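Colleague: File coords_37.pdb follows (PDB, C-alpha atoms and all ligand atoms):
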MODEL        1
ATOM      1  CA  MET A   5     116.803 106.640 105.140
ATOM      2  CA  SER A   6     113.954 105.532 107.344
ATOM      3  CA  GLN A   7     112.337 107.214 110.314
ATOM      4  CA  SER A   8     109.345 106.425 112.486
ATOM      5  CA  THR A   9     106.741 108.925 113.593
ATOM      6  CA  PHE A  10     104.812 107.978 116.704
ATOM      7  CA  ASP A  11     102.493 105.778 114.709
ATOM      8  CA  MET A  12     103.727 105.268 111.137
ATOM      9  CA  THR A  13     106.784 104.265 109.167
ATOM     10  CA  VAL A  14     108.172 106.888 106.809
ATOM     11  CA  GLN A  15     110.861 105.871 104.353
ATOM     12  CA  ILE A  16     112.648 108.592 102.417
ATOM     13  CA  PHE A  17     114.216 107.816  99.024
ATOM     14  CA  ALA A  18     116.893 109.813  97.230
ATOM     15  CA  THR A  19     115.280 109.147  93.865
ATOM     16  CA  ARG A  20     111.832 108.340  92.505
ATOM     17  CA  ASP A  21     113.318 105.331  90.816
ATOM     18  CA  GLY A  22     114.534 103.978  94.165
ATOM     19  CA  LEU A  23     111.082 104.557  95.638
ATOM     20  CA  THR A  24     109.400 102.737  92.758
ATOM     21  CA  GLN A  25     111.786  99.776  92.974
ATOM     22  CA  GLU A  26     111.102  99.390  96.688
ATOM     23  CA  ALA A  27     107.345  99.715  96.195
ATOM     24  CA  ALA A  28     107.434  96.924  93.606
ATOM     25  CA  LYS A  29     109.415  94.720  95.994
ATOM     26  CA  LEU A  30     106.882  95.347  98.767
ATOM     27  CA  PHE A  31     103.978  94.635  96.387
ATOM     28  CA  SER A  32     105.608  91.360  95.424
ATOM     29  CA  LYS A  33     106.399  90.368  99.026
ATOM     30  CA  LEU A  34     102.848  91.088 100.173
ATOM     31  CA  ALA A  35     101.404  89.236  97.178
ATOM     32  CA  TRP A  36     103.313  86.060  97.993
ATOM     33  CA  GLN A  37     102.602  86.343 101.738
ATOM     34  CA  SER A  38      98.873  86.898 101.214
ATOM     35  CA  ILE A  39      98.496  84.108  98.679
ATOM     36  CA  THR A  40     100.371  81.709 100.924
ATOM     37  CA  ALA A  41      98.200  82.655 103.903
ATOM     38  CA  ARG A  42      94.780  83.150 102.282
ATOM     39  CA  GLY A  43      94.986  81.989  98.668
ATOM     40  CA  ARG A  44      94.629  85.444  97.123
ATOM     41  CA  PHE A  45      96.086  88.950  97.198
ATOM     42  CA  THR A  46      93.540  91.737  97.309
ATOM     43  CA  VAL A  47      94.808  95.178  96.385
ATOM     44  CA  ALA A  48      93.145  98.570  95.987
ATOM     45  CA  LEU A  49      95.068 100.809  93.585
ATOM     46  CA  SER A  50      95.332 104.569  93.776
ATOM     47  CA  GLY A  51      94.868 107.014  90.939
ATOM     48  CA  GLY A  52      96.880 110.061  90.014
ATOM     49  CA  SER A  53     100.263 110.127  88.339
ATOM     50  CA  THR A  54     102.557 108.923  91.149
ATOM     51  CA  PRO A  55     101.806 105.162  90.951
ATOM     52  CA  GLN A  56     102.212 105.047  87.184
ATOM     53  CA  ALA A  57     105.930 104.225  87.362
ATOM     54  CA  LEU A  58     105.089 101.359  89.724
ATOM     55  CA  PHE A  59     102.468 100.037  87.296
ATOM     56  CA  SER A  60     105.041 100.071  84.484
ATOM     57  CA  LEU A  61     107.643  98.338  86.601
ATOM     58  CA  LEU A  62     105.207  95.578  87.602
ATOM     59  CA  ALA A  63     104.287  95.162  83.933
ATOM     60  CA  ALA A  64     107.880  94.197  83.068
ATOM     61  CA  PRO A  65     110.019  91.162  83.997
ATOM     62  CA  PRO A  66     110.701  89.846  86.544
ATOM     63  CA  TYR A  67     107.353  90.893  88.066
ATOM     64  CA  SER A  68     105.270  90.333  84.939
ATOM     65  CA  THR A  69     106.576  86.802  84.548
ATOM     66  CA  LYS A  70     106.954  85.706  88.180
ATOM     67  CA  LEU A  71     104.028  87.164  90.129
ATOM     68  CA  PRO A  72     101.014  84.832  90.554
ATOM     69  CA  TRP A  73      98.689  87.157  88.637
ATOM     70  CA  SER A  74      95.769  84.738  88.558
ATOM     71  CA  SER A  75      95.510  85.051  92.359
ATOM     72  CA  ILE A  76      95.715  88.841  92.481
ATOM     73  CA  HIS A  77      92.491  90.860  92.663
ATOM     74  CA  PHE A  78      92.438  94.543  91.743
ATOM     75  CA  PHE A  79      90.098  97.164  93.150
ATOM     76  CA  TRP A  80      90.432 100.955  93.208
ATOM     77  CA  GLY A  81      90.360 103.114  96.332
ATOM     78  CA  ASP A  82      88.827 105.890  94.290
ATOM     79  CA  GLU A  83      87.700 106.635  90.765
ATOM     80  CA  ARG A  84      86.556 109.592  88.732
ATOM     81  CA  LEU A  85      83.056 109.396  87.214
ATOM     82  CA  VAL A  86      84.162 109.136  83.601
ATOM     83  CA  PRO A  87      84.032 106.199  81.154
ATOM     84  CA  PRO A  88      86.740 103.527  81.465
ATOM     85  CA  ASP A  89      88.461 104.628  78.247
ATOM     86  CA  ASP A  90      88.678 108.261  79.334
ATOM     87  CA  PRO A  91      92.206 109.498  80.190
ATOM     88  CA  GLY A  92      90.699 110.910  83.399
ATOM     89  CA  SER A  93      89.878 107.379  84.588
ATOM     90  CA  ASN A  94      92.140 105.726  87.137
ATOM     91  CA  TYR A  95      91.173 102.329  85.729
ATOM     92  CA  TYR A  96      92.240 103.472  82.261
ATOM     93  CA  HIS A  97      95.825 104.175  83.358
ATOM     94  CA  ALA A  98      96.186 101.015  85.450
ATOM     95  CA  THR A  99      94.960  99.020  82.453
ATOM     96  CA  ARG A 100      97.123 100.827  79.927
ATOM     97  CA  LEU A 101     100.276 100.525  82.016
ATOM     98  CA  LEU A 102      99.802  97.264  83.905
ATOM     99  CA  LEU A 103      96.714  95.116  83.517
ATOM    100  CA  ASN A 104      96.968  94.842  79.726
ATOM    101  CA  HIS A 105     100.482  93.444  80.069
ATOM    102  CA  VAL A 106     100.099  90.726  82.682
ATOM    103  CA  PRO A 107      98.038  87.513  82.744
ATOM    104  CA  VAL A 108      95.459  88.701  85.267
ATOM    105  CA  PRO A 109      92.014  87.206  84.584
ATOM    106  CA  GLN A 110      89.298  89.712  83.724
ATOM    107  CA  THR A 111      87.232  88.316  86.601
ATOM    108  CA  ASN A 112      89.926  89.550  89.025
ATOM    109  CA  ILE A 113      89.465  93.167  87.933
ATOM    110  CA  HIS A 114      86.834  94.875  90.068
ATOM    111  CA  ARG A 115      86.680  98.383  88.688
ATOM    112  CA  ILE A 116      84.483 101.209  89.895
ATOM    113  CA  LYS A 117      82.073 101.869  87.026
ATOM    114  CA  GLY A 118      82.740 105.531  86.381
ATOM    115  CA  GLU A 119      80.337 105.585  83.456
ATOM    116  CA  LEU A 120      77.330 105.167  85.780
ATOM    117  CA  SER A 121      75.558 107.878  87.737
ATOM    118  CA  ALA A 122      77.106 108.574  91.149
ATOM    119  CA  GLN A 123      74.297 106.785  92.961
ATOM    120  CA  ASP A 124      74.396 103.711  90.705
ATOM    121  CA  ALA A 125      78.182 103.552  90.838
ATOM    122  CA  VAL A 126      78.116 103.612  94.655
ATOM    123  CA  GLN A 127      75.533 100.799  94.720
ATOM    124  CA  ASP A 128      77.436  98.758  92.143
ATOM    125  CA  THR A 129      80.733  99.161  94.010
ATOM    126  CA  ILE A 130      79.161  98.161  97.329
ATOM    127  CA  LYS A 131      77.649  95.098  95.650
ATOM    128  CA  GLN A 132      80.982  94.104  94.107
ATOM    129  CA  LEU A 133      82.711  94.452  97.481
ATOM    130  CA  ARG A 134      80.015  92.466  99.296
ATOM    131  CA  ASP A 135      79.946  89.720  96.665
ATOM    132  CA  PHE A 136      83.711  89.443  96.802
ATOM    133  CA  ALA A 137      83.699  89.245 100.588
ATOM    134  CA  ALA A 138      80.784  86.815 100.751
ATOM    135  CA  ASP A 139      82.847  84.052 102.261
ATOM    136  CA  GLU A 140      84.668  86.301 104.762
ATOM    137  CA  ARG A 141      82.866  89.370 106.074
ATOM    138  CA  THR A 142      80.583  92.132 104.914
ATOM    139  CA  PHE A 143      83.410  93.982 103.187
ATOM    140  CA  PRO A 144      86.787  92.621 102.148
ATOM    141  CA  ARG A 145      89.828  93.325 104.256
ATOM    142  CA  PHE A 146      92.373  94.494 101.704
ATOM    143  CA  ASP A 147      95.851  93.031 101.804
ATOM    144  CA  LEU A 148      97.209  96.272 100.357
ATOM    145  CA  VAL A 149      95.689  99.706  99.815
ATOM    146  CA  LEU A 150      97.906 101.911  97.708
ATOM    147  CA  LEU A 151      97.385 105.643  98.264
ATOM    148  CA  GLY A 152      98.713 108.929  96.964
ATOM    149  CA  MET A 153      98.395 112.358  98.482
ATOM    150  CA  GLY A 154      97.559 115.700  96.884
ATOM    151  CA  SER A 155      99.295 118.979  97.654
ATOM    152  CA  ASP A 156      96.166 119.905  99.662
ATOM    153  CA  GLY A 157      96.514 116.804 101.863
ATOM    154  CA  HIS A 158      93.727 114.796 100.213
ATOM    155  CA  THR A 159      94.071 111.082  99.776
ATOM    156  CA  ALA A 160      91.966 108.722  97.666
ATOM    157  CA  SER A 161      89.058 111.152  97.041
ATOM    158  CA  LEU A 162      88.859 112.252 100.663
ATOM    159  CA  PHE A 163      89.214 116.010 100.237
ATOM    160  CA  PRO A 164      89.580 118.804 102.784
ATOM    161  CA  GLY A 165      86.215 119.716 104.188
ATOM    162  CA  SER A 166      84.401 116.637 102.787
ATOM    163  CA  PRO A 167      81.306 116.108 104.881
ATOM    164  CA  GLY A 168      80.091 112.701 105.962
ATOM    165  CA  ILE A 169      83.155 110.621 105.277
ATOM    166  CA  GLU A 170      83.202 109.428 108.866
ATOM    167  CA  GLU A 171      79.568 108.318 108.999
ATOM    168  CA  THR A 172      79.273 104.931 110.612
ATOM    169  CA  GLY A 173      78.576 102.142 108.160
ATOM    170  CA  VAL A 174      79.529 104.188 105.065
ATOM    171  CA  TYR A 175      82.255 102.462 103.083
ATOM    172  CA  VAL A 176      81.895 103.990  99.623
ATOM    173  CA  LYS A 177      80.889 107.564  98.936
ATOM    174  CA  SER A 178      80.419 109.896  95.983
ATOM    175  CA  VAL A 179      82.094 113.294  96.238
ATOM    176  CA  THR A 180      82.549 116.408  94.138
ATOM    177  CA  ALA A 181      85.954 118.034  94.363
ATOM    178  CA  LEU A 182      87.963 120.315  92.150
ATOM    179  CA  TYR A 183      91.662 119.475  92.138
ATOM    180  CA  GLU A 184      93.986 120.633  89.393
ATOM    181  CA  ASN A 185      92.177 120.010  86.112
ATOM    182  CA  ARG A 186      90.959 116.533  87.022
ATOM    183  CA  PRO A 187      87.375 115.261  86.795
ATOM    184  CA  ALA A 188      85.436 116.600  89.777
ATOM    185  CA  GLN A 189      82.808 113.872  90.211
ATOM    186  CA  ARG A 190      84.346 110.944  92.042
ATOM    187  CA  LEU A 191      83.755 107.862  94.142
ATOM    188  CA  THR A 192      85.934 106.986  97.084
ATOM    189  CA  PHE A 193      86.430 104.306  99.677
ATOM    190  CA  THR A 194      86.019 105.876 103.115
ATOM    191  CA  PRO A 195      88.499 105.596 106.018
ATOM    192  CA  ALA A 196      86.325 102.842 107.509
ATOM    193  CA  LEU A 197      87.221 100.584 104.585
ATOM    194  CA  ILE A 198      90.775 101.792 103.975
ATOM    195  CA  ASN A 199      91.859 101.645 107.610
ATOM    196  CA  ASP A 200      90.825  98.028 107.868
ATOM    197  CA  ALA A 201      93.514  96.985 105.370
ATOM    198  CA  ARG A 202      96.379  94.779 106.414
ATOM    199  CA  GLN A 203      98.858  97.155 104.781
ATOM    200  CA  ILE A 204      98.472 100.725 103.555
ATOM    201  CA  LEU A 205     101.217 102.199 101.402
ATOM    202  CA  PHE A 206     101.392 105.895 100.509
ATOM    203  CA  LEU A 207     103.577 106.947  97.580
ATOM    204  CA  VAL A 208     104.324 110.676  97.692
ATOM    205  CA  THR A 209     106.796 112.534  95.487
ATOM    206  CA  GLY A 210     107.615 116.099  94.535
ATOM    207  CA  ALA A 211     108.318 119.420  96.192
ATOM    208  CA  ASN A 212     104.693 120.550  95.835
ATOM    209  CA  LYS A 213     103.712 117.909  98.426
ATOM    210  CA  ALA A 214     106.319 118.931 101.026
ATOM    211  CA  GLU A 215     104.164 121.233 103.109
ATOM    212  CA  ALA A 216     101.153 118.941 103.154
ATOM    213  CA  LEU A 217     103.329 115.956 104.016
ATOM    214  CA  SER A 218     104.880 117.767 106.934
ATOM    215  CA  MET A 219     101.462 118.873 108.219
ATOM    216  CA  VAL A 220      99.835 115.465 107.762
ATOM    217  CA  LEU A 221     102.625 113.657 109.590
ATOM    218  CA  TYR A 222     103.704 116.178 112.202
ATOM    219  CA  GLY A 223     101.179 119.017 112.266
ATOM    220  CA  PRO A 224      98.309 119.291 114.719
ATOM    221  CA  ARG A 225      95.549 116.783 114.184
ATOM    222  CA  ASP A 226      92.993 118.455 111.933
ATOM    223  CA  LEU A 227      91.084 115.810 109.997
ATOM    224  CA  GLU A 228      88.894 118.290 108.134
ATOM    225  CA  LYS A 229      91.905 120.159 106.788
ATOM    226  CA  TRP A 230      94.314 117.251 106.251
ATOM    227  CA  PRO A 231      92.259 114.207 105.222
ATOM    228  CA  ALA A 232      95.326 111.967 104.905
ATOM    229  CA  GLN A 233      95.546 112.147 108.711
ATOM    230  CA  ARG A 234      92.411 109.969 108.748
ATOM    231  CA  ILE A 235      94.475 107.035 107.500
ATOM    232  CA  GLN A 236      95.808 105.750 110.755
ATOM    233  CA  ALA A 237      93.453 103.358 112.478
ATOM    234  CA  ASN A 238      95.855 100.462 112.348
ATOM    235  CA  PRO A 239      99.198 102.220 112.806
ATOM    236  CA  ALA A 240     101.480  99.238 112.350
ATOM    237  CA  ALA A 241     100.139  98.863 108.831
ATOM    238  CA  VAL A 242     100.720 102.375 107.487
ATOM    239  CA  THR A 243     103.897 102.992 105.501
ATOM    240  CA  TRP A 244     104.887 106.135 103.646
ATOM    241  CA  PHE A 245     107.377 105.971 100.770
ATOM    242  CA  VAL A 246     108.372 109.546  99.978
ATOM    243  CA  ASP A 247     111.090 111.098  97.878
ATOM    244  CA  GLN A 248     113.655 113.630  99.069
ATOM    245  CA  GLN A 249     111.729 116.539  97.558
ATOM    246  CA  ALA A 250     108.462 115.702  99.266
ATOM    247  CA  ALA A 251     110.401 115.085 102.485
ATOM    248  CA  SER A 252     112.288 118.394 102.404
ATOM    249  CA  LEU A 253     110.351 119.822 105.367
ATOM    250  CA  LEU A 254     110.694 116.633 107.428
ATOM    251  CA  GLU A 255     114.467 116.696 107.627
ATOM    252  CA  ASN A 256     114.927 117.936 111.163
ATOM    253  CA  ARG A 257     112.175 115.885 112.751
ATOM    254  CA  ASP A 258     112.979 113.035 115.074
TER     255      ASP A 258
HETATM  256  C1  LIG A 301      92.935 110.353  92.316
HETATM  257  C2  LIG A 301      93.654 109.862  93.527
HETATM  258  C3  LIG A 301      94.287 110.887  94.382
HETATM  259  C4  LIG A 301      95.767 110.965  94.019
HETATM  260  C5  LIG A 301      96.359 112.272  94.485
HETATM  261  C6  LIG A 301      97.815 112.400  94.112
HETATM  262  O1  LIG A 301      92.180 109.601  91.754
HETATM  263  O2  LIG A 301      93.136 111.508  91.943
HETATM  264  O3  LIG A 301      93.615 108.589  93.890
HETATM  265  O4  LIG A 301      94.127 110.710  95.750
HETATM  266  O5  LIG A 301      96.449 109.880  94.555
HETATM  267  O6  LIG A 301      95.639 113.330  93.910
HETATM  268  O7  LIG A 301      97.894 112.474  92.722
HETATM  269  P1  LIG A 301      99.298 112.546  91.993
HETATM  270  O8  LIG A 301      99.972 111.243  92.206
HETATM  271  O9  LIG A 301      98.964 112.769  90.539
HETATM  272  O10 LIG A 301     100.024 113.702  92.595
ENDMDL
END
Translate this structure into structure tokens?

Modeller:
Amino acid sequence: MSQSTFDMTVQIFATRDGLTQEAAKLFSKLAWQSITARGRFTVALSGGSTPQALFSLLAAPPYSTKLPWSSIHFFWGDERLVPPDDPGSNYYHATRLLLNHVPVPQTNIHRIKGELSAQDAVQDTIKQLRDFAADERTFPRFDLVLLGMGSDGHTASLFPGSPGIEETGVYVKSVTALYENRPAQRLTFTPALINDARQILFLVTGANKAEALSMVLYGPRDLEKWPAQRIQANPAAVTWFVDQQAASLLENRD
């Protein structure tokens, strides 16, 4: 089932497996389109547990054998400030589940260096982004930014009440945020960078996200309280894949 809010596409899936299959198809379609148009596919991955099934699916045939991995570049929309082999690292899980299983060159993997201090990691990430974009613009325009959403309405590491994430000219920021038992020191792309993407795809599953999803999509605009509402600058490019449980409070919306 698919429905459109005034400015976004929301697709509701009966099962998580169906959602994952469709996300892999979209990833593949965008990869081929981007490579045909611009010679490379630039993607920013999300952390958390929800995209892990997608990573595993992409790591298996037909995707692992057919996708043009040497032309795909991986970044992360946010990262926790922990070493790359720490189970709290977003890079660690993407590597374990996907990058170790496909022929993507090491030079195409542009991780946020969570082992550095917050200040050094911000500087290093900005430098990597600028170097990568050298032939285009100051910062790359991502072909795909993959996002999740927390039960408090955060996305990437844009948390409720985070100060300064809208400052002009700030594209990468360090934040401290307690969420579940996850590492609190983090780095995040800001809306200025995320909203410039050609396609943004949210993956949201589970009943614990239902209230936040309903508020983010249909509640009053309150960017401090529901940071995922900040992801909307280029409406045609924002798609939400959600499962039935997360969508349980959306049912009677038009
Ligand atoms: C992170 C994220 C974060 C995540 C949400 C949802 O690094 O923690 O990128 O924004 O996507 O917290 O996490 P789950 O998928 O585990 O619910």

Colleague: Taking into account only C-alpha atoms and all ligand atoms, which residue in the set A:Arg234, A:His158, A:Lys177, A:Arg100 is nearest to ligand LIG 301 (chain A)?

Modeller: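 Under the stated criterion, the closest residue is A:His158.
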
Colleague: Ranking A:Ala125, A:Ile169, A:Leu62, A:Leu227 by minimum distance to Thr194 in chain A and counting only C-alpha atoms, which one comes first?

Modeller: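 Comparing A:Ala125, A:Ile169, A:Leu62, A:Leu227 against Thr194 in chain A, the winner is A:Ile169.
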
Colleague: Which chains and residue numbers are within 7 Å of ligand LIG 301 (chain A), counting all atoms listed in the file, if I want them as a list of chain:residue names?

Modeller: A:Ser50, A:Gly51, A:Gly52, A:Ser53, A:Thr54, A:Pro55, A:Gly81, A:Asp82, A:Glu83, A:Arg84, A:Asn94, A:Leu151, A:Gly152, A:Met153, A:Gly154, A:His158, A:Thr159, A:Ala160, A:Ser161

Colleague: Excluding Thr243 in chain A and any residue of its chain fewer than 4 positions from it, enumerate the residues within 8 Å of it, using only C-alpha atoms, and give them as number ranges by chain.

Modeller: A: 12-15, 203-206

Colleague: Could you expand the PyMOL selection byres (((chain A and resi 145) around 10) and not hetatm) into the explicit residues it covers here, written as a PyMOL selection string?

Modeller: chain A and resi 46-47+133+137+140-144+146-149+197-203

Colleague: Please, could you write that set of residues out with C-alpha atoms as a short mmCIF file (atom, residue, chain, number, x, y, z; two decimals), keeping the file's coordinate frame?

Modeller:
data_model
loop_
_atom_site.label_atom_id
_atom_site.label_comp_id
_atom_site.auth_asym_id
_atom_site.auth_seq_id
_atom_site.Cartn_x
_atom_site.Cartn_y
_atom_site.Cartn_z
CA THR A 46 93.54 91.74 97.31
CA VAL A 47 94.81 95.18 96.38
CA LEU A 133 82.71 94.45 97.48
CA ALA A 137 83.70 89.24 100.59
CA GLU A 140 84.67 86.30 104.76
CA ARG A 141 82.87 89.37 106.07
CA THR A 142 80.58 92.13 104.91
CA PHE A 143 83.41 93.98 103.19
CA PRO A 144 86.79 92.62 102.15
CA PHE A 146 92.37 94.49 101.70
CA ASP A 147 95.85 93.03 101.80
CA LEU A 148 97.21 96.27 100.36
CA VAL A 149 95.69 99.71 99.82
CA LEU A 197 87.22 100.58 104.58
CA ILE A 198 90.78 101.79 103.98
CA ASN A 199 91.86 101.64 107.61
CA ASP A 200 90.82 98.03 107.87
CA ALA A 201 93.51 96.98 105.37
CA ARG A 202 96.38 94.78 106.41
CA GLN A 203 98.86 97.16 104.78
#

Colleague: The PyMOL selection byres (((chain A and resi 156) around 12) and not hetatm) on the file shown: which residues, as a ChimeraX atom specification?

Modeller: /A:152-155,157-159,161-165,181-184,212-220,228-233

Colleague: Could you jot down the CA of Ala98 in chain A to CA of Leu191 in chain A separation for me, Å, one decimal place?

Modeller: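 Rounded to one decimal, the two atoms are 16.6 Å apart.
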
Colleague: Could you name the residues that touch range 25-33 of chain A at 12 Å or less, counting only C-alpha atoms, but leaving out those on the same chain fewer than 3 positions away, as a PyMOL selection string?

Modeller: chain A and resi 15-22+36-40+45-49+54-73+76+147-151+203-208+243-247

Colleague: Looking at A:Leu221, A:Ala196, A:Ala188, A:Ala241, which one is nearest to Leu34 in chain A, with distances taken over all atoms listed in the file?

Modeller: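 Under the stated criterion, the closest residue is A:Ala241.
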
Colleague: Using only C-alpha atoms, find the one residue out of A:Pro87, A:Gly92, A:Gly210, A:Gly43 that sits nearest to Asn185 in chain A.

Modeller: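 Checking each candidate against Asn185 in chain A, we get A:Gly92 as the closest.
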
Colleague: Starting from the shown file, work through the PyMOL selection byres (((chain A and resi 112) around 12) and not hetatm) and note down what comes out as a ChimeraX atom specification.

Modeller: /A:44-48,73-79,103,107-111,113-115,132,136

Colleague: Using only C-alpha atoms, pick whichever of A:Val174, A:Ile116, A:Val106, A:Val242 has the shortest atom-to-atom distance to Ser93 in chain A.

Modeller: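 Among A:Val174, A:Ile116, A:Val106, A:Val242, it is A:Ile116 that comes nearest to Ser93 in chain A.
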
Colleague: Could you put an axis-aligned box around every listed atom of range 50-69 of chain A, padded by 5 Å on each side, and send me its centre and edge lengths in Å to one decimal, as JSON?

Modeller:
{"center_x": 102.8, "center_y": 98.5, "center_z": 88.4, "size_x": 25.8, "size_y": 33.3, "size_z": 20.7}

Colleague: Report, in Å to a single decimal, how far apart CA of Val176 in chain A and CA of Gln127 in chain A are.

Modeller: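 Distance reported for this atom pair: 8.6 Å.
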
Colleague: Mind giving me the straight-line distance from CA of Leu102 in chain A to CA of Pro88 in chain A in Å, one decimal?

Modeller: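 So the two atoms, CA of Leu102 in chain A and CA of Pro88 in chain A, lie 14.7 Å apart.
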